[in-house]
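Scroll down for the structure; my scribbles are underneath it.
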Amino acid sequence: MCRELIPAGSVFAFLAEQRRLLFPPEAFADMYAAVNGRPSVPPDLLATVVVLQALHGLSDEEAVAALRFDLRWKAACGLGLYDQGFDPSLLTYFRRRLARSADPDRIFEIVRAVVEQTGVLAGRMRRALDSTVLLDAVATQDTITQLIAAIRRVARQVPGAAALVAQHCHAHDYADAGKPRIAWDDEEAKTALVSGLVTDALALLDQLAGRDLDEAAAGAVGLLALIAGQDVEPAGDSDGTDGRWRIARRTSPDRIISTVDPEARHIHKSAQQRDDGYKAHLAVEPETGLFTAVALRPGAGAEHHEATVAPDLLAAESGPLHILADAAYAAADLRAALTAAGHALLIKPPALKPAVPGGFTLDDFAIDTAAGTVTCPAGHTVPLAAPAGRYQQRRATFTGLCAACPLHDRCTTAKTGRILTIRPHHDLQAAARHQAATDPAWQDDYRRWRPMVERAVAWLVARGNRRLPYRGTHANDRWLHHRAAALNLRRLINLGLTHINNTWALATTTP
């Protein structure tokens, strides 16, 4: 229908011709019960809409509107001119079926299989790793708003809790959707409100202690317990037992920032940049710009750090690779694991900080971990202690050698002498710093290929897609995979993707 009006070489034209080959019915058969017949809307049509929706950054309502009124969407999805499409809720049901299936990322995997079949990555062994902040879909809440919202959630989701709130919680009318009626510029009034809200929360938790709750109710109670403790501390000389509380003069490192999306977090990509949301972790082939793996994780916590997520991004790869990454991936354990796996690393080491501005760094000391000795720039040699402590670190102590040393002012401010801490994999990290500083070939490769991942990041967040559409890690992780699949498909089409002799191929392999 009006096929000749659709621009040749576009995603719309490709899907109009190859939609059913790309998304065959058997690819989604396990998502539907065989006894109930085929779904009312074919899965290939829903998958096509999900891909176009992710590509153009549209809501469900906007996507269905485009399906009804945009000839390009109708052609891509095989609909007639007067076809009304379907209700937007079907997209929600389809995503829910995907999430509950054995392969929730199957659309991304289908496109990745196409990438593999074309051979576009054959011989291209570089992988650039990076992360970028994706902003959450909710408003960041202050402490007072979170306390009130958490108590209200318990009243809604825990059987019998509404009566307990009415009986034991008196700092605010929790049935009133408005803000508390106080003078907000009066610090004493705000402190009294905080004390009352925390007291109400603790009283409600005490009443609910030991109850057998279902998952939703237990989640609401757990969230209230976290909110009641993360931002407050006893006021002044109080120990909290007298009901006097205040907002703490610090920020909890894993602070919940919204009761609407409890998994969103404050994210510091640098000392100057702070955002709220999640992190998208990416593995990209830098020459073609294709995403080889993606993952969305909360933005805080060691278990979600770039160096922790990196092995998951590389898990599906086979054979040694050239790994390019910035200093966020320079953790010693990750470097050791990637080196042991046979990968060549172009991971930028972080700069060493001297104990004295402009003074000596760790690399100015001659450290022989095998012999167990450390020699300082002044020529003093001391032994390395045996590994000890949680992190199995070794120490070299220069006590008594620094006070009269002519290099003292460039080395340490400690009165008793400098102490060096040597961490595991020191030799590996030192060699990486030396190579990055002195090897022209390493520097040229890093400068040439590492910045290419920024192009892929720019594609990912274009069209307003820096802002996530959903709440929670799992829903947004599905969206990230759909977005990456759509971008990969568009890139393949631009490279000449076609289907010949039952095989996906590229008309040209030049990116």
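Quick note on naming: the chains in the structure tokens go A, B, ... in the order shown, residues restart at 1 in each chain, and ligands are numbered from 1 in order of appearance.
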
Might you pull out every residue within 12 Å of Ala332 in chain A, with only C-alpha atoms counted and same-chain residues fewer than 5 positions away left off, and present them as a PyMOL selection string?
chain A and resi 307-308+327+337-339+347+349-350+391+422-433

Give me the residues near Thr416 in chain A as a list in words, where near means some atom within 8 Å (using only C-alpha atoms) and where sequence neighbours in that chain fewer than 4 positions away do not count.
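Listing them by chain and then by number gives Thr399, Gly400, Cys402 and Ala403 of chain A.
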
Nearest to Ser195 in chain A, chosen from A:Asp326, A:Glu233, A:Glu17, A:Asp444, with only C-alpha atoms counted in the distances
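Closest to Ser195 in chain A of all the choices is A:Glu233.
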
Using only C-alpha atoms for the distances, tell me which of A:Asp239, A:Val158, A:Ala404, A:Leu492 is nearest to Asp212 in chain A.
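Counting only C-alpha atoms, the residue closest to Asp212 in chain A is A:Val158.
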
Return as a Markdown table the residues of range 430-452 of chain A lying at most 9 Å from range 118-141 of chain A, together with the closest atom-to-atom pair for each and the distance in Å to one decimal, counting only C-alpha atoms, with rows in chain order and ascending residue number.
```
| residue | atom | partner | partner_atom | distance |
| --- | --- | --- | --- | --- |
| A:Trp449 | CA | A:Ala128 | CA | 7.8 |
| A:Arg450 | CA | A:Ala128 | CA | 6.3 |
| A:Pro451 | CA | A:Ala128 | CA | 8.9 |
| A:Met452 | CA | A:Ala128 | CA | 8.1 |
```

Residues as selected, C-alpha atoms, written as a compact mmCIF listing (two decimals), in the first residue's frame, can you do that?
```
# COMPACT_ATOMS: atom_id res chain seq x y z
CA TRP A 449 39.19 3.92 18.53
CA ARG A 450 38.11 4.82 22.06
CA PRO A 451 36.26 8.06 21.10
CA MET A 452 34.14 6.11 18.59
```

How would you write, as a list in words, the set of residues in range 50-183 of chain A that DSSP gives as strand (DSSP E or B)?
Arg126, Arg127, Ala128, Leu129, Asp130, Ser131, Thr132, Val133, Leu134 and Leu135 of chain A

Surrounding residues of Glu26 in chain A excluding itself and chain neighbours under 3 positions, 12 Å, only C-alpha atoms, as a PDB file with all heavy atoms, in the first residue's frame:
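Writing done, so here's selection_21.pdb:
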```pdb
ATOM      1  N   ARG A  20       8.526 -10.273   8.216  1.00  0.00           N
ATOM      2  CA  ARG A  20       8.200 -11.644   8.629  1.00  0.00           C
ATOM      3  C   ARG A  20       9.425 -12.550   8.622  1.00  0.00           C
ATOM      4  O   ARG A  20       9.459 -13.546   9.346  1.00  0.00           O
ATOM      5  CB  ARG A  20       7.102 -12.211   7.718  1.00  0.00           C
ATOM      6  CG  ARG A  20       5.747 -11.562   7.950  1.00  0.00           C
ATOM      7  CD  ARG A  20       4.643 -12.288   7.200  1.00  0.00           C
ATOM      8  NE  ARG A  20       3.339 -11.735   7.521  1.00  0.00           N
ATOM      9  CZ  ARG A  20       2.773 -10.729   6.880  1.00  0.00           C
ATOM     10  NH1 ARG A  20       3.415 -10.160   5.865  1.00  0.00           N
ATOM     11  NH2 ARG A  20       1.590 -10.275   7.232  1.00  0.00           N
ATOM     12  N   LEU A  21      10.425 -12.224   7.820  1.00  0.00           N
ATOM     13  CA  LEU A  21      11.674 -12.987   7.860  1.00  0.00           C
ATOM     14  C   LEU A  21      12.483 -12.632   9.114  1.00  0.00           C
ATOM     15  O   LEU A  21      13.142 -13.486   9.706  1.00  0.00           O
ATOM     16  CB  LEU A  21      12.510 -12.699   6.613  1.00  0.00           C
ATOM     17  CG  LEU A  21      11.989 -13.286   5.293  1.00  0.00           C
ATOM     18  CD1 LEU A  21      12.826 -12.785   4.138  1.00  0.00           C
ATOM     19  CD2 LEU A  21      12.003 -14.810   5.349  1.00  0.00           C
ATOM     20  N   LEU A  22      12.421 -11.368   9.495  1.00  0.00           N
ATOM     21  CA  LEU A  22      13.158 -10.926  10.675  1.00  0.00           C
ATOM     22  C   LEU A  22      12.501 -11.436  11.954  1.00  0.00           C
ATOM     23  O   LEU A  22      13.189 -11.886  12.886  1.00  0.00           O
ATOM     24  CB  LEU A  22      13.225  -9.396  10.696  1.00  0.00           C
ATOM     25  CG  LEU A  22      14.035  -8.758  11.827  1.00  0.00           C
ATOM     26  CD1 LEU A  22      15.510  -9.133  11.716  1.00  0.00           C
ATOM     27  CD2 LEU A  22      13.869  -7.230  11.799  1.00  0.00           C
ATOM     28  N   PHE A  23      11.167 -11.382  12.002  1.00  0.00           N
ATOM     29  CA  PHE A  23      10.413 -11.805  13.188  1.00  0.00           C
ATOM     30  C   PHE A  23       9.423 -12.911  12.818  1.00  0.00           C
ATOM     31  O   PHE A  23       8.218 -12.680  12.746  1.00  0.00           O
ATOM     32  CB  PHE A  23       9.661 -10.618  13.794  1.00  0.00           C
ATOM     33  CG  PHE A  23      10.534  -9.470  14.221  1.00  0.00           C
ATOM     34  CD1 PHE A  23      10.314  -8.197  13.721  1.00  0.00           C
ATOM     35  CD2 PHE A  23      11.570  -9.668  15.120  1.00  0.00           C
ATOM     36  CE1 PHE A  23      11.099  -7.127  14.119  1.00  0.00           C
ATOM     37  CE2 PHE A  23      12.379  -8.608  15.512  1.00  0.00           C
ATOM     38  CZ  PHE A  23      12.148  -7.332  15.014  1.00  0.00           C
ATOM     39  N   ALA A  29       6.642 -18.144  19.599  1.00  0.00           N
ATOM     40  CA  ALA A  29       5.635 -19.177  19.860  1.00  0.00           C
ATOM     41  C   ALA A  29       5.548 -19.538  21.336  1.00  0.00           C
ATOM     42  O   ALA A  29       4.456 -19.801  21.850  1.00  0.00           O
ATOM     43  CB  ALA A  29       5.947 -20.416  19.023  1.00  0.00           C
ATOM     44  N   ASP A  30       6.687 -19.537  22.055  1.00  0.00           N
ATOM     45  CA  ASP A  30       6.674 -19.944  23.459  1.00  0.00           C
ATOM     46  C   ASP A  30       5.987 -18.937  24.368  1.00  0.00           C
ATOM     47  O   ASP A  30       5.685 -19.236  25.526  1.00  0.00           O
ATOM     48  CB  ASP A  30       8.099 -20.164  23.949  1.00  0.00           C
ATOM     49  CG  ASP A  30       8.907 -18.877  23.911  1.00  0.00           C
ATOM     50  OD1 ASP A  30       9.139 -18.372  22.791  1.00  0.00           O
ATOM     51  OD2 ASP A  30       9.300 -18.378  24.978  1.00  0.00           O
ATOM     52  N   MET A  31       5.702 -17.748  23.858  1.00  0.00           N
ATOM     53  CA  MET A  31       5.064 -16.718  24.669  1.00  0.00           C
ATOM     54  C   MET A  31       3.545 -16.872  24.727  1.00  0.00           C
ATOM     55  O   MET A  31       2.882 -16.190  25.508  1.00  0.00           O
ATOM     56  CB  MET A  31       5.403 -15.326  24.112  1.00  0.00           C
ATOM     57  CG  MET A  31       6.865 -14.940  24.263  1.00  0.00           C
ATOM     58  SD  MET A  31       7.327 -13.469  23.315  1.00  0.00           S
ATOM     59  CE  MET A  31       6.014 -12.319  23.725  1.00  0.00           C
ATOM     60  N   TYR A  32       3.010 -17.768  23.915  1.00  0.00           N
ATOM     61  CA  TYR A  32       1.560 -17.925  23.825  1.00  0.00           C
ATOM     62  C   TYR A  32       1.187 -19.388  24.025  1.00  0.00           C
ATOM     63  O   TYR A  32       1.903 -20.287  23.571  1.00  0.00           O
ATOM     64  CB  TYR A  32       1.049 -17.431  22.468  1.00  0.00           C
ATOM     65  CG  TYR A  32       1.356 -15.969  22.202  1.00  0.00           C
ATOM     66  CD1 TYR A  32       2.539 -15.602  21.561  1.00  0.00           C
ATOM     67  CD2 TYR A  32       0.481 -14.980  22.605  1.00  0.00           C
ATOM     68  CE1 TYR A  32       2.832 -14.271  21.328  1.00  0.00           C
ATOM     69  CE2 TYR A  32       0.762 -13.637  22.367  1.00  0.00           C
ATOM     70  CZ  TYR A  32       1.940 -13.284  21.732  1.00  0.00           C
ATOM     71  OH  TYR A  32       2.230 -11.963  21.506  1.00  0.00           O
ATOM     72  N   ALA A  34      -0.536 -22.770  23.283  1.00  0.00           N
ATOM     73  CA  ALA A  34      -0.981 -23.379  22.019  1.00  0.00           C
ATOM     74  C   ALA A  34      -2.465 -23.690  22.023  1.00  0.00           C
ATOM     75  O   ALA A  34      -3.120 -23.681  20.978  1.00  0.00           O
ATOM     76  CB  ALA A  34      -0.173 -24.651  21.760  1.00  0.00           C
ATOM     77  N   ARG A  38      -3.936 -18.756  17.950  1.00  0.00           N
ATOM     78  CA  ARG A  38      -2.930 -17.723  17.723  1.00  0.00           C
ATOM     79  C   ARG A  38      -3.383 -16.393  18.320  1.00  0.00           C
ATOM     80  O   ARG A  38      -4.576 -16.148  18.491  1.00  0.00           O
ATOM     81  CB  ARG A  38      -2.656 -17.575  16.228  1.00  0.00           C
ATOM     82  CG  ARG A  38      -3.805 -16.984  15.426  1.00  0.00           C
ATOM     83  CD  ARG A  38      -3.436 -16.943  13.944  1.00  0.00           C
ATOM     84  NE  ARG A  38      -4.473 -16.313  13.150  1.00  0.00           N
ATOM     85  CZ  ARG A  38      -4.549 -15.004  12.916  1.00  0.00           C
ATOM     86  NH1 ARG A  38      -3.673 -14.208  13.480  1.00  0.00           N
ATOM     87  NH2 ARG A  38      -5.510 -14.498  12.157  1.00  0.00           N
ATOM     88  N   PRO A  42      -0.733 -10.395  15.431  1.00  0.00           N
ATOM     89  CA  PRO A  42       0.462 -11.218  15.198  1.00  0.00           C
ATOM     90  C   PRO A  42       1.684 -10.665  15.928  1.00  0.00           C
ATOM     91  O   PRO A  42       1.910  -9.445  15.940  1.00  0.00           O
ATOM     92  CB  PRO A  42       0.650 -11.150  13.685  1.00  0.00           C
ATOM     93  CG  PRO A  42      -0.695 -10.807  13.147  1.00  0.00           C
ATOM     94  CD  PRO A  42      -1.345  -9.941  14.178  1.00  0.00           C
ATOM     95  N   PRO A  43       2.484 -11.527  16.535  1.00  0.00           N
ATOM     96  CA  PRO A  43       3.668 -11.055  17.256  1.00  0.00           C
ATOM     97  C   PRO A  43       4.651 -10.298  16.374  1.00  0.00           C
ATOM     98  O   PRO A  43       5.324  -9.383  16.860  1.00  0.00           O
ATOM     99  CB  PRO A  43       4.299 -12.354  17.787  1.00  0.00           C
ATOM    100  CG  PRO A  43       3.198 -13.344  17.820  1.00  0.00           C
ATOM    101  CD  PRO A  43       2.287 -12.985  16.688  1.00  0.00           C
ATOM    102  N   ASP A  44       4.733 -10.669  15.076  1.00  0.00           N
ATOM    103  CA  ASP A  44       5.667  -9.946  14.215  1.00  0.00           C
ATOM    104  C   ASP A  44       5.248  -8.495  14.053  1.00  0.00           C
ATOM    105  O   ASP A  44       6.090  -7.600  13.947  1.00  0.00           O
ATOM    106  CB  ASP A  44       5.780 -10.632  12.847  1.00  0.00           C
ATOM    107  CG  ASP A  44       4.490 -10.557  12.051  1.00  0.00           C
ATOM    108  OD1 ASP A  44       3.585 -11.384  12.299  1.00  0.00           O
ATOM    109  OD2 ASP A  44       4.382  -9.665  11.196  1.00  0.00           O
ATOM    110  N   ARG A 106      14.712 -11.187  23.515  1.00  0.00           N
ATOM    111  CA  ARG A 106      14.780 -11.914  22.248  1.00  0.00           C
ATOM    112  C   ARG A 106      14.831 -10.990  21.040  1.00  0.00           C
ATOM    113  O   ARG A 106      15.418 -11.358  20.005  1.00  0.00           O
ATOM    114  CB  ARG A 106      13.633 -12.905  22.137  1.00  0.00           C
ATOM    115  CG  ARG A 106      12.254 -12.306  21.923  1.00  0.00           C
ATOM    116  CD  ARG A 106      11.203 -13.387  21.928  1.00  0.00           C
ATOM    117  NE  ARG A 106      11.122 -14.021  23.250  1.00  0.00           N
ATOM    118  CZ  ARG A 106      10.667 -15.256  23.446  1.00  0.00           C
ATOM    119  NH1 ARG A 106      10.244 -15.979  22.434  1.00  0.00           N
ATOM    120  NH2 ARG A 106      10.612 -15.758  24.666  1.00  0.00           N
ATOM    121  N   ILE A 110      17.552 -11.486  18.332  1.00  0.00           N
ATOM    122  CA  ILE A 110      17.235 -11.724  16.914  1.00  0.00           C
ATOM    123  C   ILE A 110      18.097 -10.836  16.025  1.00  0.00           C
ATOM    124  O   ILE A 110      18.684 -11.296  15.035  1.00  0.00           O
ATOM    125  CB  ILE A 110      15.737 -11.482  16.654  1.00  0.00           C
ATOM    126  CG1 ILE A 110      14.904 -12.618  17.248  1.00  0.00           C
ATOM    127  CG2 ILE A 110      15.449 -11.351  15.154  1.00  0.00           C
ATOM    128  CD1 ILE A 110      13.416 -12.369  17.235  1.00  0.00           C
TER     129      ILE A 110
END
```

What's the 10 Å shell around Asp214 in chain A, counting only C-alpha atoms, without same-chain residues fewer than 2 positions away, as an mmCIF file with all heavy atoms, in the first residue's frame?
```
data_model
loop_
_atom_site.group_PDB
_atom_site.id
_atom_site.type_symbol
_atom_site.label_atom_id
_atom_site.label_comp_id
_atom_site.auth_asym_id
_atom_site.auth_seq_id
_atom_site.Cartn_x
_atom_site.Cartn_y
_atom_site.Cartn_z
ATOM 1 N N GLN A 157 -1.346 -0.800 50.762
ATOM 2 C CA GLN A 157 -0.961 -2.134 50.316
ATOM 3 C C GLN A 157 -0.936 -3.185 51.426
ATOM 4 O O GLN A 157 -0.908 -4.376 51.127
ATOM 5 C CB GLN A 157 0.414 -2.067 49.629
ATOM 6 C CG GLN A 157 0.403 -1.215 48.371
ATOM 7 C CD GLN A 157 1.718 -1.292 47.614
ATOM 8 O OE1 GLN A 157 2.672 -1.936 48.044
ATOM 9 N NE2 GLN A 157 1.766 -0.642 46.456
ATOM 10 N N VAL A 158 -0.931 -2.766 52.675
ATOM 11 C CA VAL A 158 -0.886 -3.733 53.768
ATOM 12 C C VAL A 158 -2.290 -3.868 54.360
ATOM 13 O O VAL A 158 -2.884 -2.870 54.797
ATOM 14 C CB VAL A 158 0.107 -3.288 54.862
ATOM 15 C CG1 VAL A 158 0.102 -4.298 56.008
ATOM 16 C CG2 VAL A 158 1.507 -3.140 54.281
ATOM 17 N N PRO A 159 -2.842 -5.068 54.380
ATOM 18 C CA PRO A 159 -4.193 -5.251 54.940
ATOM 19 C C PRO A 159 -4.275 -4.761 56.384
ATOM 20 O O PRO A 159 -3.460 -5.128 57.237
ATOM 21 C CB PRO A 159 -4.409 -6.769 54.847
ATOM 22 C CG PRO A 159 -3.500 -7.218 53.746
ATOM 23 C CD PRO A 159 -2.307 -6.329 53.833
ATOM 24 N N ARG A 211 4.310 -9.538 61.345
ATOM 25 C CA ARG A 211 3.155 -9.960 60.558
ATOM 26 C C ARG A 211 3.595 -10.753 59.332
ATOM 27 O O ARG A 211 4.653 -10.497 58.751
ATOM 28 C CB ARG A 211 2.342 -8.759 60.098
ATOM 29 C CG ARG A 211 1.551 -8.085 61.220
ATOM 30 C CD ARG A 211 0.429 -7.261 60.631
ATOM 31 N NE ARG A 211 -0.375 -6.606 61.648
ATOM 32 C CZ ARG A 211 -1.485 -5.934 61.386
ATOM 33 N NH1 ARG A 211 -1.920 -5.857 60.120
ATOM 34 N NH2 ARG A 211 -2.166 -5.353 62.349
ATOM 35 N N ASP A 212 2.759 -11.702 58.923
ATOM 36 C CA ASP A 212 2.999 -12.480 57.708
ATOM 37 C C ASP A 212 2.396 -11.713 56.534
ATOM 38 O O ASP A 212 1.172 -11.605 56.416
ATOM 39 C CB ASP A 212 2.366 -13.866 57.838
ATOM 40 C CG ASP A 212 2.734 -14.774 56.670
ATOM 41 O OD1 ASP A 212 3.685 -14.420 55.938
ATOM 42 O OD2 ASP A 212 2.059 -15.806 56.482
ATOM 43 N N ALA A 216 3.933 -7.727 47.919
ATOM 44 C CA ALA A 216 3.693 -6.289 47.760
ATOM 45 C C ALA A 216 3.666 -5.580 49.107
ATOM 46 O O ALA A 216 4.257 -4.498 49.284
ATOM 47 C CB ALA A 216 2.387 -6.063 47.007
ATOM 48 N N ALA A 217 2.990 -6.181 50.089
ATOM 49 C CA ALA A 217 2.904 -5.568 51.411
ATOM 50 C C ALA A 217 4.269 -5.527 52.093
ATOM 51 O O ALA A 217 4.651 -4.513 52.702
ATOM 52 C CB ALA A 217 1.903 -6.339 52.271
ATOM 53 N N ALA A 218 5.021 -6.627 51.992
ATOM 54 C CA ALA A 218 6.358 -6.661 52.588
ATOM 55 C C ALA A 218 7.269 -5.621 51.939
ATOM 56 O O ALA A 218 8.083 -4.985 52.609
ATOM 57 C CB ALA A 218 6.957 -8.058 52.443
ATOM 58 N N GLY A 219 7.118 -5.433 50.624
ATOM 59 C CA GLY A 219 7.907 -4.418 49.931
ATOM 60 C C GLY A 219 7.587 -3.018 50.415
ATOM 61 O O GLY A 219 8.485 -2.181 50.600
#
```

Need to verify the contact set: range 3-9 of chain A, 10 Å, only C-alpha atoms, exclusion of same-chain residues closer than 2 positions in sequence. Can you return it as a PyMOL selection string?
chain A and resi 1+11-14+16-17+71-76+78+490+493-497

May I ask which of the residues A:Leu91, A:Ala209, A:Leu282, A:Ala155 is the closest one to Leu313 in chain A, counting only C-alpha atoms?
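Closest to Leu313 in chain A, using only C-alpha atoms: A:Leu282.
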
For Asp261 in chain A, the nearest of the candidates A:Ala150, A:Leu384, A:Leu46, A:Ala302, counting only C-alpha atoms:
A:Ala150

Find the spatial neighbours of Lys179 in chain A, counting only C-alpha atoms, within a cut-off of 10 Å - ignore same-chain residues fewer than 3 positions away - and output them as a list in words.
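Near Lys179 in chain A, the qualifying residues are Ile144, Thr145, Ile148, His172, Asp173, Tyr174, Asp176 and Ile182 of chain A.
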
If you keep N, CA and C atoms, can you produce a file of those selected residues as a PDB file, in the first residue's frame?
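out36.pdb was written with the following content:
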```pdb
ATOM      1  N   ILE A 144      10.713  14.773  53.463  1.00  0.00           N
ATOM      2  CA  ILE A 144       9.346  14.871  53.977  1.00  0.00           C
ATOM      3  C   ILE A 144       8.363  14.212  53.024  1.00  0.00           C
ATOM      4  N   THR A 145       8.510  14.489  51.735  1.00  0.00           N
ATOM      5  CA  THR A 145       7.618  13.890  50.737  1.00  0.00           C
ATOM      6  C   THR A 145       7.738  12.372  50.740  1.00  0.00           C
ATOM      7  N   ILE A 148       5.985  10.765  53.898  1.00  0.00           N
ATOM      8  CA  ILE A 148       4.529  10.761  53.761  1.00  0.00           C
ATOM      9  C   ILE A 148       4.093   9.733  52.722  1.00  0.00           C
ATOM     10  N   HIS A 172       0.474  14.113  60.448  1.00  0.00           N
ATOM     11  CA  HIS A 172      -0.074  14.635  59.185  1.00  0.00           C
ATOM     12  C   HIS A 172      -1.355  13.880  58.881  1.00  0.00           C
ATOM     13  N   ASP A 173      -2.251  14.507  58.144  1.00  0.00           N
ATOM     14  CA  ASP A 173      -3.451  13.835  57.663  1.00  0.00           C
ATOM     15  C   ASP A 173      -3.082  13.052  56.403  1.00  0.00           C
ATOM     16  N   TYR A 174      -2.814  11.754  56.572  1.00  0.00           N
ATOM     17  CA  TYR A 174      -2.296  10.954  55.454  1.00  0.00           C
ATOM     18  C   TYR A 174      -3.364  10.653  54.411  1.00  0.00           C
ATOM     19  N   ASP A 176      -5.019  13.115  53.189  1.00  0.00           N
ATOM     20  CA  ASP A 176      -4.981  14.361  52.415  1.00  0.00           C
ATOM     21  C   ASP A 176      -3.841  14.280  51.418  1.00  0.00           C
ATOM     22  N   ILE A 182       2.138  23.818  56.980  1.00  0.00           N
ATOM     23  CA  ILE A 182       3.039  24.453  57.942  1.00  0.00           C
ATOM     24  C   ILE A 182       3.678  25.659  57.263  1.00  0.00           C
TER      25      ILE A 182
END
```

Could you find all residues in range 385-450 of chain A that DSSP calls alpha helix (DSSP H) from the backbone, and write them as a PyMOL selection string?
chain A and resi 408-411+426-438+440-449

Nearest residue to Ser258 in chain A from the set A:Leu324, A:Ile227, A:Ala66, A:Val232 (distances using only C-alpha atoms)
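When distances to Ser258 in chain A are compared using only C-alpha atoms, the smallest one comes from A:Ile227.
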
Minimum-distance residue to Val154 in chain A, chosen among A:Ala396, A:Ala177, A:Val194, A:Leu204 (using only C-alpha atoms)
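Looking only at the distances to Val154 in chain A, the closest residue turns out to be A:Leu204.
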